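K.L.:
This one is start_23.csv, CSV, C-alpha atoms and all ligand atoms.
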chain,number,residue,atom,x,y,z
A,1,MET,CA,0.0,0.0,0.0
A,2,ARG,CA,2.1,2.9,-1.3
A,3,ASN,CA,1.3,6.5,-1.2
A,4,GLU,CA,3.3,9.8,-1.4
A,5,SER,CA,2.4,10.8,2.1
A,6,LEU,CA,1.3,7.9,4.3
A,7,THR,CA,-0.2,8.3,7.7
A,8,ALA,CA,-0.5,5.5,10.4
A,9,GLY,CA,-3.6,6.1,12.5
A,10,ASP,CA,-3.2,9.9,12.2
A,11,LEU,CA,-0.1,9.6,14.5
A,12,PHE,CA,2.8,9.0,12.1
A,13,LYS,CA,3.6,10.3,8.7
A,14,PHE,CA,6.1,9.4,6.0
A,15,ASP,CA,6.8,12.1,3.4
A,16,TYR,CA,7.8,10.1,0.3
A,17,PHE,CA,9.2,13.2,-1.4
A,18,LYS,CA,11.7,14.0,1.3
A,19,CYS,CA,13.0,10.4,1.6
A,20,LEU,CA,16.5,10.0,0.1
A,21,ARG,CA,15.9,6.3,-0.7
A,22,SER,CA,12.6,6.9,-2.5
A,23,GLU,CA,13.7,10.0,-4.4
A,24,PHE,CA,17.2,9.0,-5.6
A,25,ALA,CA,17.6,5.7,-7.4
A,26,LYS,CA,21.1,4.9,-6.2
A,27,ASN,CA,20.8,6.1,-2.6
A,28,GLU,CA,21.1,3.3,0.0
A,29,CYS,CA,19.8,5.0,3.1
A,30,ARG,CA,18.1,2.4,5.3
A,31,ILE,CA,18.4,3.9,8.7
A,32,CYS,CA,14.6,3.7,9.4
A,33,ILE,CA,14.4,0.2,8.0
A,34,ASP,CA,17.1,-1.0,10.4
A,35,LEU,CA,15.6,0.8,13.4
A,36,CYS,CA,11.9,0.1,13.1
A,37,PRO,CA,11.0,-2.6,15.7
A,38,GLU,CA,7.9,-3.6,13.7
A,39,GLY,CA,9.4,-3.8,10.2
A,40,ALA,CA,6.9,-1.1,9.1
A,41,MET,CA,9.3,0.6,6.6
A,42,VAL,CA,9.3,-1.8,3.6
A,43,PHE,CA,10.2,-1.8,-0.1
A,44,ASP,CA,7.4,-1.7,-2.7
A,45,ARG,CA,9.3,-2.6,-5.8
A,46,THR,CA,12.3,-0.2,-5.6
A,47,LYS,CA,10.6,2.4,-3.5
A,48,LEU,CA,10.4,2.7,0.3
A,49,THR,CA,7.0,2.8,1.8
A,50,LEU,CA,5.3,2.8,5.2
A,51,ASP,CA,3.1,-0.2,6.0
A,52,THR,CA,0.3,1.7,7.9
A,53,GLU,CA,-1.1,-1.6,9.3
A,54,VAL,CA,2.1,-2.5,11.0
A,55,CYS,CA,3.4,0.9,12.2
A,56,THR,CA,2.6,1.5,15.9
A,57,ALA,CA,3.7,5.2,15.7
A,58,CYS,CA,6.3,4.6,18.4
A,59,ALA,CA,8.4,7.4,16.8
A,60,ALA,CA,11.7,5.5,17.5
A,61,CYS,CA,12.9,6.2,13.9
A,62,VAL,CA,12.0,9.9,13.8
A,63,GLY,CA,15.3,11.4,15.1
A,64,SER,CA,17.6,9.3,12.8
A,65,CYS,CA,16.1,10.4,9.5
A,66,PRO,CA,18.5,12.8,7.9
A,67,THR,CA,15.9,14.7,5.9
A,68,GLU,CA,13.0,14.7,8.4
A,69,ALA,CA,10.9,12.6,6.1
A,70,LEU,CA,9.4,10.8,9.1
A,71,ILE,CA,7.0,12.8,11.1
A,72,SER,CA,5.2,12.1,14.4
A,73,GLU,CA,2.0,14.0,14.5
A,74,THR,CA,2.1,14.1,18.3
A,75,PHE,CA,5.7,15.0,18.8
A,76,ASP,CA,7.8,17.6,16.9
A,77,PRO,CA,11.5,17.2,17.9
A,78,ASN,CA,12.4,20.7,16.7
A,79,ARG,CA,9.7,22.3,18.8
A,80,PHE,CA,10.7,20.1,21.7
A,81,ALA,CA,14.3,21.2,21.4
A,82,LEU,CA,13.3,24.8,21.6
A,83,GLU,CA,10.7,24.4,24.4
A,84,PHE,CA,12.8,22.1,26.6
A,85,SER,CA,15.7,24.6,26.4
A,86,GLN,CA,13.4,27.1,28.2
A,87,GLN,CA,12.2,24.8,30.9
A,88,LYS,CA,13.6,24.2,34.3
A,89,ASN,CA,13.2,20.4,34.1
A,90,PRO,CA,16.7,19.0,33.2
A,91,LYS,CA,15.5,15.4,32.3
A,92,ILE,CA,14.6,14.0,28.8
A,93,SER,CA,12.5,10.9,29.5
A,94,CYS,CA,10.0,8.7,27.7
A,95,LYS,CA,8.1,8.8,30.9
A,96,GLU,CA,7.8,12.6,31.0
A,97,ASN,CA,8.3,14.5,27.7
A,98,VAL,CA,9.3,12.4,24.7
A,99,PRO,CA,7.8,9.3,23.1
A,100,CYS,CA,11.3,7.8,22.9
A,101,LEU,CA,14.7,9.4,23.2
A,102,ALA,CA,15.4,8.1,19.7
A,103,ALA,CA,12.8,10.6,18.4
A,104,LEU,CA,15.6,13.1,18.8
A,105,SER,CA,18.9,13.3,16.9
A,106,SER,CA,22.4,14.4,18.0
A,107,GLU,CA,21.7,17.7,16.3
A,108,HIS,CA,18.7,18.3,18.6
A,109,LEU,CA,20.7,17.3,21.6
A,110,ILE,CA,23.5,19.8,20.7
A,111,THR,CA,20.9,22.5,20.2
A,112,ILE,CA,19.4,21.8,23.6
A,113,ALA,CA,22.9,21.7,25.3
A,114,LEU,CA,23.8,25.0,23.7
A,115,ARG,CA,20.6,26.8,24.7
A,116,LYS,CA,19.7,25.3,28.0
A,117,GLU,CA,21.1,26.5,31.3
A,118,GLY,CA,22.5,23.8,33.7
A,119,GLU,CA,22.9,20.1,33.3
A,120,ILE,CA,20.9,17.8,30.9
A,121,PHE,CA,19.9,14.2,31.9
A,122,CYS,CA,18.9,11.5,29.4
A,123,ASP,CA,16.8,8.9,31.1
A,124,LEU,CA,17.9,5.5,29.8
A,125,ALA,CA,16.6,3.6,32.9
A,126,HIS,CA,13.6,2.2,31.0
A,127,CYS,CA,15.3,1.2,27.7
A,128,GLU,CA,16.4,-2.4,28.6
A,129,GLY,CA,12.9,-3.7,29.3
A,130,CYS,CA,11.2,-1.6,26.6
A,131,SER,CA,9.3,-3.6,24.0
A,132,ILE,CA,10.5,-1.5,21.1
A,133,ASN,CA,14.2,-2.0,22.1
A,134,ARG,CA,14.5,-5.2,20.1
A,135,ASP,CA,18.1,-6.5,19.9
A,136,ASN,CA,19.1,-3.4,21.9
A,137,ARG,CA,19.0,-1.4,18.6
A,138,ILE,CA,17.1,1.6,20.1
A,139,LEU,CA,19.3,1.9,23.1
A,140,GLU,CA,22.5,1.7,20.9
A,141,THR,CA,21.1,4.4,18.7
A,142,ILE,CA,20.4,6.7,21.7
A,143,GLU,CA,23.9,6.1,23.1
A,144,THR,CA,25.5,6.8,19.8
A,145,MET,CA,23.5,10.0,19.5
A,146,ILE,CA,24.6,11.2,23.0
A,147,ASP,CA,28.2,10.3,22.2
A,148,GLU,CA,28.1,12.2,19.0
A,149,ALA,CA,26.5,15.3,20.7
A,150,GLU,CA,29.3,15.2,23.4
A,151,ARG,CA,32.1,14.9,20.8
A,152,PHE,CA,30.6,17.9,18.9
A,153,LEU,CA,30.4,20.0,22.1
A,154,GLN,CA,34.0,19.2,22.9
A,155,ILE,CA,35.2,21.0,19.7
A,156,PHE,CA,34.8,24.3,21.4
A,157,GLU,CA,35.5,22.9,24.8
A,158,SER,CA,32.0,23.4,26.0
A,159,GLU,CA,31.6,22.5,29.7
A,160,LYS,CA,28.1,21.2,29.1
A,161,ARG,CA,27.7,17.5,29.8
A,162,ILE,CA,24.9,15.2,28.9
A,163,GLU,CA,24.4,12.8,31.8
A,164,ARG,CA,22.9,9.4,31.3
A,165,VAL,CA,20.5,8.1,34.0
A,166,ARG,CA,20.7,4.3,33.9
A,167,GLU,CA,19.0,3.3,37.1
A,168,LEU,CA,15.8,4.3,38.7
A,169,PRO,CA,16.2,5.5,42.3
A,170,ASP,CA,14.4,3.1,44.8
A,171,ASP,CA,11.9,5.8,45.8
A,172,ALA,CA,11.1,6.9,42.2
A,173,PRO,CA,7.4,7.8,42.0
A,174,GLU,CA,5.3,5.9,39.5
A,175,THR,CA,4.9,8.2,36.5
A,176,GLY,CA,1.5,7.3,35.1
A,177,ARG,CA,-0.5,9.1,32.4
A,178,ARG,CA,-2.0,11.5,35.0
A,179,GLY,CA,1.4,12.4,36.4
A,180,LEU,CA,2.7,13.0,32.9
A,181,LEU,CA,-0.2,15.4,32.0
A,182,LYS,CA,0.3,17.3,35.2
A,183,LYS,CA,4.0,17.8,34.4
A,184,LEU,CA,3.2,18.9,30.9
A,185,VAL,CA,0.8,21.6,32.2
A,186,ASN,CA,3.5,22.9,34.6
A,187,VAL,CA,6.1,22.8,31.8
A,188,ALA,CA,3.8,24.8,29.4
A,189,ASN,CA,3.8,27.6,31.9
A,190,GLU,CA,7.5,27.9,31.7
A,191,VAL,CA,7.7,28.1,27.8
A,192,ASN,CA,7.7,31.3,25.9
A,193,GLU,CA,5.3,30.1,23.2
A,194,GLU,CA,5.7,33.2,21.0
A,195,THR,CA,9.5,32.9,20.8
A,196,THR,CA,9.3,29.3,19.9
A,197,MET,CA,6.7,29.8,17.2
A,198,THR,CA,8.5,32.8,15.7
A,199,GLU,CA,11.8,30.8,15.3
A,200,LEU,CA,10.0,27.8,13.8
A,201,MET,CA,8.0,29.9,11.4
A,202,ASN,CA,11.1,31.7,10.2
A,203,LEU,CA,12.5,28.4,9.1
A,204,SER,CA,9.7,27.3,6.8
A,205,GLY,CA,10.5,27.0,3.1
A,206,GLU,CA,14.1,25.9,3.6
A,207,LYS,CA,15.6,23.0,1.7
A,208,GLN,CA,17.8,22.0,4.7
A,209,PRO,CA,16.2,20.1,7.6
A,210,LEU,CA,14.9,22.4,10.3
A,211,LYS,CA,17.0,20.6,12.9
A,212,ARG,CA,20.1,21.8,11.0
A,213,ILE,CA,19.0,25.4,11.0
A,214,LEU,CA,18.2,25.3,14.7
A,215,LEU,CA,21.6,23.9,15.4
A,216,LYS,CA,23.4,26.6,13.4
A,217,ASN,CA,21.3,29.3,15.1
A,218,SER,CA,22.3,27.9,18.5
A,219,LEU,CA,25.9,27.8,17.5
A,220,LYS,CA,25.7,31.5,16.3
A,221,MET,CA,24.5,32.4,19.8
A,222,ALA,CA,27.5,30.6,21.3
A,223,ALA,CA,30.0,31.9,18.8
A,224,GLU,CA,32.0,34.0,21.3
A,225,LYS,CA,33.0,30.7,23.0
A,226,PHE,CA,34.6,29.3,19.9
A,227,SER,CA,38.3,28.9,20.3
A,228,GLU,CA,40.8,30.4,17.7
A,229,GLU,CA,41.4,27.0,16.1
A,230,THR,CA,38.0,25.8,14.8
A,231,THR,CA,39.2,23.2,12.3
A,232,VAL,CA,39.3,19.6,13.5
A,233,GLU,CA,39.4,16.1,12.0
A,234,ALA,CA,36.1,14.6,13.2
A,235,ASP,CA,33.7,12.0,12.0
A,236,PHE,CA,30.1,13.2,12.4
A,237,SER,CA,27.2,11.2,10.9
A,238,PHE,CA,25.3,14.3,9.9
A,239,VAL,CA,27.9,16.3,7.9
A,240,VAL,CA,31.0,15.7,5.7
A,241,ASN,CA,33.5,18.0,4.0
A,242,LYS,CA,33.6,17.7,0.2
A,243,THR,CA,36.4,18.2,-2.3
A,244,ILE,CA,36.5,17.9,-6.1
A,245,ASP,CA,39.4,16.7,-8.3
A,246,ALA,CA,39.8,19.5,-10.9
A,247,GLN,CA,41.8,17.1,-13.2
A,248,THR,CA,38.9,14.7,-13.7
A,249,CYS,CA,35.8,16.8,-13.1
A,250,THR,CA,33.9,17.3,-16.4
A,251,ASN,CA,31.8,20.3,-15.1
A,252,CYS,CA,28.7,18.3,-15.8
A,253,GLN,CA,27.2,19.9,-12.6
A,254,GLU,CA,25.1,16.9,-11.8
A,255,CYS,CA,26.4,16.8,-8.2
A,256,ALA,CA,24.9,20.3,-7.6
A,257,MET,CA,21.7,19.5,-9.5
A,258,PHE,CA,21.0,16.4,-7.4
A,259,CYS,CA,22.1,17.7,-4.0
A,260,PRO,CA,18.9,17.7,-2.0
A,261,THR,CA,19.8,20.5,0.4
A,262,GLU,CA,21.6,22.9,-2.1
A,263,ALA,CA,24.8,22.4,-0.2
A,264,LEU,CA,26.4,22.2,-3.6
A,265,SER,CA,25.7,25.0,-6.1
A,266,ILE,CA,26.9,26.2,-9.5
A,267,LEU,CA,29.0,29.3,-9.9
A,268,GLN,CA,26.9,32.1,-11.7
A,269,ASP,CA,29.1,31.9,-14.8
A,270,ASN,CA,28.8,28.1,-14.9
A,271,THR,CA,32.6,27.6,-14.5
A,272,GLY,CA,32.6,25.7,-11.2
A,273,ILE,CA,31.0,24.3,-8.0
A,274,ILE,CA,30.6,25.9,-4.6
A,275,PHE,CA,30.1,23.9,-1.3
A,276,GLN,CA,28.4,25.0,1.9
A,277,MET,CA,29.3,22.6,4.6
A,278,GLY,CA,26.5,23.9,6.9
A,279,LYS,CA,23.9,22.6,4.5
A,280,CYS,CA,25.4,19.2,3.8
A,281,ILE,CA,23.6,16.2,5.4
A,282,ALA,CA,26.2,13.5,4.3
A,283,CYS,CA,23.7,11.7,2.1
A,284,SER,CA,26.4,10.8,-0.5
A,285,ILE,CA,24.1,11.4,-3.5
A,286,CYS,CA,26.7,13.7,-5.0
A,287,ASP,CA,29.2,10.8,-4.9
A,288,ASP,CA,26.7,8.5,-6.5
A,289,VAL,CA,25.9,10.7,-9.5
A,290,CYS,CA,29.5,11.8,-10.3
A,291,GLN,CA,30.4,9.6,-13.2
A,292,PRO,CA,34.2,10.2,-13.2
A,293,GLY,CA,34.3,9.8,-9.4
A,294,SER,CA,35.7,13.3,-8.9
A,295,ILE,CA,33.9,14.4,-5.8
A,296,HIS,CA,35.1,13.1,-2.4
A,297,SER,CA,34.3,13.3,1.3
A,298,ASP,CA,36.6,13.8,4.1
A,299,LYS,CA,36.5,14.4,7.9
A,300,THR,CA,37.8,17.9,8.0
A,301,PHE,CA,35.3,19.9,10.0
A,302,ASP,CA,35.4,23.7,10.5
A,303,LEU,CA,33.0,25.0,13.1
A,304,VAL,CA,33.0,28.6,11.7
A,305,THR,CA,32.5,27.4,8.1
A,306,PHE,CA,29.7,25.1,9.2
A,307,THR,CA,27.9,27.6,11.5
A,308,PHE,CA,28.0,30.6,9.2
A,309,ASP,CA,27.3,28.7,5.9
A,310,ARG,CA,30.6,29.9,4.5
A,311,MET,CA,31.1,29.1,0.8
A,312,GLN,CA,34.0,27.0,-0.4
A,313,LEU,CA,35.0,27.0,-4.0
A,314,LEU,CA,35.6,23.3,-4.8
A,315,VAL,CA,36.5,23.6,-8.4
A,316,LYS,CA,36.9,26.4,-11.0
A,317,HIS,CA,37.4,25.6,-14.7
A,318,THR,CA,38.6,27.5,-17.7
A,319,LEU,CA,36.1,26.8,-20.3
A,320,GLU,CA,36.8,26.5,-24.1
A,321,ILE,CA,34.6,25.6,-27.0
A,322,CYS,CA,35.3,22.0,-28.3
A,323,GLU,CA,36.6,22.2,-32.0
A,324,GLU,CA,34.5,19.1,-32.8
A,325,CYS,CA,31.1,19.3,-31.0
A,326,LYS,CA,31.2,23.1,-30.4
A,327,VAL,CA,30.2,22.7,-26.7
A,328,ALA,CA,32.0,24.4,-23.8
A,329,PHE,CA,34.3,22.1,-21.8
A,330,PRO,CA,36.9,22.4,-19.0
A,331,TYR,CA,40.2,23.1,-20.8
A,332,ARG,CA,43.4,21.7,-19.3
A,333,GLY,CA,45.8,22.6,-22.1
A,334,GLY,CA,46.7,20.9,-25.4
A,335,GLU,CA,44.2,20.0,-28.1
A,336,ARG,CA,40.9,22.0,-27.9
A,337,VAL,CA,38.7,18.9,-28.0
A,338,CYS,CA,36.5,17.8,-25.1
A,339,ASP,CA,36.8,14.4,-23.4
A,340,ARG,CA,33.6,13.1,-24.9
A,341,CYS,CA,34.8,13.7,-28.4
A,342,LYS,CA,38.2,12.2,-27.6
A,343,ASP,CA,36.5,9.1,-26.2
A,344,PHE,CA,34.2,8.9,-29.3
A,345,ARG,CA,37.3,9.1,-31.6
A,346,ALA,CA,39.1,6.5,-29.6
A,347,ASN,CA,36.2,4.1,-29.6
A,348,HIS,CA,34.9,4.7,-33.1
A,349,GLY,CA,38.1,5.6,-34.9
A,350,ASP,CA,37.8,2.6,-37.2
A,351,LEU,CA,34.6,4.1,-38.7
A,352,PHE,CA,36.4,7.3,-39.7
A,353,THR,CA,39.4,5.4,-41.1
A,354,MET,CA,37.1,3.3,-43.3
A,355,ALA,CA,35.2,6.4,-44.6
A,356,ARG,CA,38.5,8.2,-45.4
A,357,ASP,CA,39.8,5.1,-47.2
A,358,MET,CA,36.7,4.9,-49.4
A,359,GLU,CA,37.1,8.4,-50.8
B,401,LIG,S1,15.8,7.3,7.2
B,401,LIG,FE1,14.6,8.9,6.1
B,401,LIG,S2,15.8,9.3,4.2
B,401,LIG,FE2,16.5,7.3,5.1
B,401,LIG,S3,15.3,5.7,4.1
B,401,LIG,FE3,14.2,6.3,6.0
B,401,LIG,S4,12.7,7.9,5.5
B,401,LIG,FE4,14.2,7.7,3.8
B,402,LIG,S1,32.3,16.8,-9.5
B,402,LIG,FE1,31.4,15.1,-10.8
B,402,LIG,S2,29.2,15.5,-10.8
B,402,LIG,FE2,30.2,17.4,-10.1
B,402,LIG,S3,30.5,18.7,-11.9
B,402,LIG,FE3,32.4,17.5,-11.6
B,402,LIG,S4,32.1,15.6,-12.8
B,402,LIG,FE4,30.1,16.5,-12.6
B,403,LIG,S1,26.9,17.8,-0.8
B,403,LIG,FE1,26.6,15.7,-1.3
B,403,LIG,S2,26.6,14.6,0.6
B,403,LIG,FE2,26.2,16.8,1.1
B,403,LIG,S3,24.0,17.0,1.1
B,403,LIG,FE3,24.7,17.5,-1.0
B,403,LIG,S4,24.5,15.5,-2.2
B,403,LIG,FE4,24.4,15.0,0.1
Re-express the file's structure as structure tokens.
P.N.:
Amino acid sequence: MRNESLTAGDLFKFDYFKCLRSEFAKNECRICIDLCPEGAMVFDRTKLTLDTEVCTACAACVGSCPTEALISETFDPNRFALEFSQQKNPKISCKENVPCLAALSSEHLITIALRKEGEIFCDLAHCEGCSINRDNRILETIETMIDEAERFLQIFESEKRIERVRELPDDAPETGRRGLLKKLVNVANEVNEETTMTELMNLSGEKQPLKRILLKNSLKMAAEKFSEETTVEADFSFVVNKTIDAQTCTNCQECAMFCPTEALSILQDNTGIIFQMGKCIACSICDDVCQPGSIHSDKTFDLVTFTFDRMQLLVKHTLEICEECKVAFPYRGGERVCDRCKDFRANHGDLFTMARDME
């Protein structure tokens, strides 16, 4: 049962057009498939789809989707990140304020850590016995998310720590549905609704995921704490640095045309490619579409470049008109003939020889 936008019991939605796997033939993203405890994300021919009869709307997959294609109708992680940052309660818990900690991503956790005063506690005390934590996959995902958020915060030596609560204290009160509702009412009084809504509304219409824009806004607020050296070698799941080999790039521009977040764009005069690390979601679609294999990823991460969407010129070509096909091509010296015409000559040279011999 496939549809462009599928809803499970009005609680959970899959936006087909935002899904990397569904929109790009070669993309191999399967994060949600691997995480879903019910096997609700399935392939229908080559396309990913949500089986609405199987999905229980647990929201365990929501935080891990790089493009925000998975949406819980009852929990918005971006809104939560902003609201929780304003509250006094320091604990993120599936018994109090989130459906599952995996409904958040490391980008949300960093946003919270940067905006919230005081310590942050992630309540992992209920994960082991949880019915959706099959084969420990959900707990491992949450732990990886916290580790990644902490590694990111260490880049600028932030003193903020994200504590993990693994055991319930003996006198812990039973948090039933009534207790949860009471807490949410108290919490609502602490939140500046207008500020939250204004920030979220200003983000609409962007090609990047909203969690990324919130993260960059949070980093801008903390920019005075950045150390002088902001470049590190670091492996983050949500961003990569890109380079292009000018010797092999054909200036076909497909990497920029297919990039889902516009992290890659084309120079105005069509002579090269620009990269904005702050918009990249490490989806690898650019690598997949680049036929000569000229575009590469590395782990160089620069906090200022990322935060302020600085542009990096990855490749700049000198264009010439090919003497044979009359189309512009990147000229690297020597004969003014493009690679395509050279290839054609090399592969079909016999035809021309025969024609000449017959004259
Ligand atoms: S995690 Fe998101 S982008 Fe990846 S396959 Fe699932 S829905 Fe698509
Ligand atoms: S890097 Fe690859 S895809 Fe991008 S313009 Fe160059 S050849 Fe084309
Ligand atoms: S630059 Fe490449 S890896 Fe980054 S978002 Fe664009 S297509 Fe994906």
K.L.:
Between atom CA of A:Ile295 and atom CA of A:Thr243, what distance in Å does the model show, to one decimal?
P.N.:
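Rounded to one decimal, the two atoms are 5.7 Å apart.
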K.L.:
Just to confirm, what's the straight-line distance from atom CA of A:Arg30 to atom CA of A:Ser64 in Å (one decimal)?
P.N.:
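These atoms are spaced 10.2 Å apart.
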K.L.:
Mind listing the residues within 6 Å of ligand LIG 402 (chain B), all atoms listed in the file counted, as a ChimeraX atom specification?
P.N.:
/A:244,249-255,289-290,292,294-295
K.L.:
Based on the selection just made, write C-alpha atoms of those residues as a PDB file, in the coordinates of the input.
P.N.:
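Final output, again.pdb:
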ATOM      1  CA  ILE A 244      36.500  17.900  -6.100  1.00  0.00           C
ATOM      2  CA  CYS A 249      35.800  16.800 -13.100  1.00  0.00           C
ATOM      3  CA  THR A 250      33.900  17.300 -16.400  1.00  0.00           C
ATOM      4  CA  ASN A 251      31.800  20.300 -15.100  1.00  0.00           C
ATOM      5  CA  CYS A 252      28.700  18.300 -15.800  1.00  0.00           C
ATOM      6  CA  GLN A 253      27.200  19.900 -12.600  1.00  0.00           C
ATOM      7  CA  GLU A 254      25.100  16.900 -11.800  1.00  0.00           C
ATOM      8  CA  CYS A 255      26.400  16.800  -8.200  1.00  0.00           C
ATOM      9  CA  VAL A 289      25.900  10.700  -9.500  1.00  0.00           C
ATOM     10  CA  CYS A 290      29.500  11.800 -10.300  1.00  0.00           C
ATOM     11  CA  PRO A 292      34.200  10.200 -13.200  1.00  0.00           C
ATOM     12  CA  SER A 294      35.700  13.300  -8.900  1.00  0.00           C
ATOM     13  CA  ILE A 295      33.900  14.400  -5.800  1.00  0.00           C
TER      14      ILE A 295
END
K.L.:
Atom CA of A:Arg21 and atom CA of A:Gly39, how far apart in Å?
P.N.:
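Separation between atom CA of A:Gly39 and atom CA of A:Arg21: 16.2 Å.
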K.L.:
Could you list as a list in words every residue that has an atom within 12 Å of (33.8, 12.2, 4.7), using the file's coordinates and counting only C-alpha atoms?
P.N.:
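Within the cut-off we find Glu233, Ala234, Asp235, Phe236, Ser237, Phe238, Val239, Val240, Asn241, Lys242, Thr243, Met277, Cys280, Ile281, Ala282, Cys283, Ser284, Asp287, Ile295, His296, Ser297, Asp298, Lys299, Thr300 and Phe301 of chain A.
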K.L.:
Take stretch 235-253 of chain A, bring it up to N, CA and C atoms, and give me the output as a PDB file, in the frame of the given file.
P.N.:
ATOM      1  N   ASP A 235      34.609  12.808  12.826  1.00  0.00           N
ATOM      2  CA  ASP A 235      33.700  12.000  12.000  1.00  0.00           C
ATOM      3  C   ASP A 235      32.264  12.161  12.612  1.00  0.00           C
ATOM      4  N   PHE A 236      31.448  13.001  11.975  1.00  0.00           N
ATOM      5  CA  PHE A 236      30.100  13.200  12.400  1.00  0.00           C
ATOM      6  C   PHE A 236      29.137  12.534  11.385  1.00  0.00           C
ATOM      7  N   SER A 237      28.061  11.908  11.863  1.00  0.00           N
ATOM      8  CA  SER A 237      27.200  11.200  10.900  1.00  0.00           C
ATOM      9  C   SER A 237      26.354  12.185  10.096  1.00  0.00           C
ATOM     10  N   PHE A 238      26.214  13.431  10.557  1.00  0.00           N
ATOM     11  CA  PHE A 238      25.300  14.300   9.900  1.00  0.00           C
ATOM     12  C   PHE A 238      25.900  15.356   8.952  1.00  0.00           C
ATOM     13  N   VAL A 239      27.219  15.316   8.808  1.00  0.00           N
ATOM     14  CA  VAL A 239      27.900  16.300   7.900  1.00  0.00           C
ATOM     15  C   VAL A 239      29.204  15.722   7.421  1.00  0.00           C
ATOM     16  N   VAL A 240      29.604  16.067   6.195  1.00  0.00           N
ATOM     17  CA  VAL A 240      31.000  15.700   5.700  1.00  0.00           C
ATOM     18  C   VAL A 240      31.514  16.964   5.000  1.00  0.00           C
ATOM     19  N   ASN A 241      32.832  16.956   4.836  1.00  0.00           N
ATOM     20  CA  ASN A 241      33.500  18.000   4.000  1.00  0.00           C
ATOM     21  C   ASN A 241      33.612  17.399   2.591  1.00  0.00           C
ATOM     22  N   LYS A 242      33.516  18.226   1.574  1.00  0.00           N
ATOM     23  CA  LYS A 242      33.600  17.700   0.200  1.00  0.00           C
ATOM     24  C   LYS A 242      34.804  18.377  -0.521  1.00  0.00           C
ATOM     25  N   THR A 243      35.423  17.619  -1.418  1.00  0.00           N
ATOM     26  CA  THR A 243      36.400  18.200  -2.300  1.00  0.00           C
ATOM     27  C   THR A 243      36.156  17.645  -3.728  1.00  0.00           C
ATOM     28  N   ILE A 244      36.645  18.366  -4.740  1.00  0.00           N
ATOM     29  CA  ILE A 244      36.500  17.900  -6.100  1.00  0.00           C
ATOM     30  C   ILE A 244      37.843  17.914  -6.816  1.00  0.00           C
ATOM     31  N   ASP A 245      38.144  16.830  -7.509  1.00  0.00           N
ATOM     32  CA  ASP A 245      39.400  16.700  -8.300  1.00  0.00           C
ATOM     33  C   ASP A 245      39.229  17.465  -9.595  1.00  0.00           C
ATOM     34  N   ALA A 246      39.914  18.621  -9.727  1.00  0.00           N
ATOM     35  CA  ALA A 246      39.800  19.500 -10.900  1.00  0.00           C
ATOM     36  C   ALA A 246      40.264  18.766 -12.187  1.00  0.00           C
ATOM     37  N   GLN A 247      41.181  17.805 -12.025  1.00  0.00           N
ATOM     38  CA  GLN A 247      41.800  17.100 -13.200  1.00  0.00           C
ATOM     39  C   GLN A 247      40.788  16.159 -13.857  1.00  0.00           C
ATOM     40  N   THR A 248      39.836  15.660 -13.084  1.00  0.00           N
ATOM     41  CA  THR A 248      38.900  14.700 -13.700  1.00  0.00           C
ATOM     42  C   THR A 248      37.480  15.202 -13.800  1.00  0.00           C
ATOM     43  N   CYS A 249      37.143  16.264 -13.060  1.00  0.00           N
ATOM     44  CA  CYS A 249      35.800  16.800 -13.100  1.00  0.00           C
ATOM     45  C   CYS A 249      35.455  17.309 -14.520  1.00  0.00           C
ATOM     46  N   THR A 250      34.306  16.916 -15.035  1.00  0.00           N
ATOM     47  CA  THR A 250      33.900  17.300 -16.400  1.00  0.00           C
ATOM     48  C   THR A 250      33.022  18.522 -16.426  1.00  0.00           C
ATOM     49  N   ASN A 251      32.748  19.104 -15.264  1.00  0.00           N
ATOM     50  CA  ASN A 251      31.800  20.300 -15.100  1.00  0.00           C
ATOM     51  C   ASN A 251      30.420  19.923 -15.596  1.00  0.00           C
ATOM     52  N   CYS A 252      30.013  18.659 -15.428  1.00  0.00           N
ATOM     53  CA  CYS A 252      28.700  18.300 -15.800  1.00  0.00           C
ATOM     54  C   CYS A 252      27.623  18.882 -14.868  1.00  0.00           C
ATOM     55  N   GLN A 253      28.035  19.216 -13.652  1.00  0.00           N
ATOM     56  CA  GLN A 253      27.200  19.900 -12.600  1.00  0.00           C
ATOM     57  C   GLN A 253      26.116  19.044 -12.036  1.00  0.00           C
TER      58      GLN A 253
END
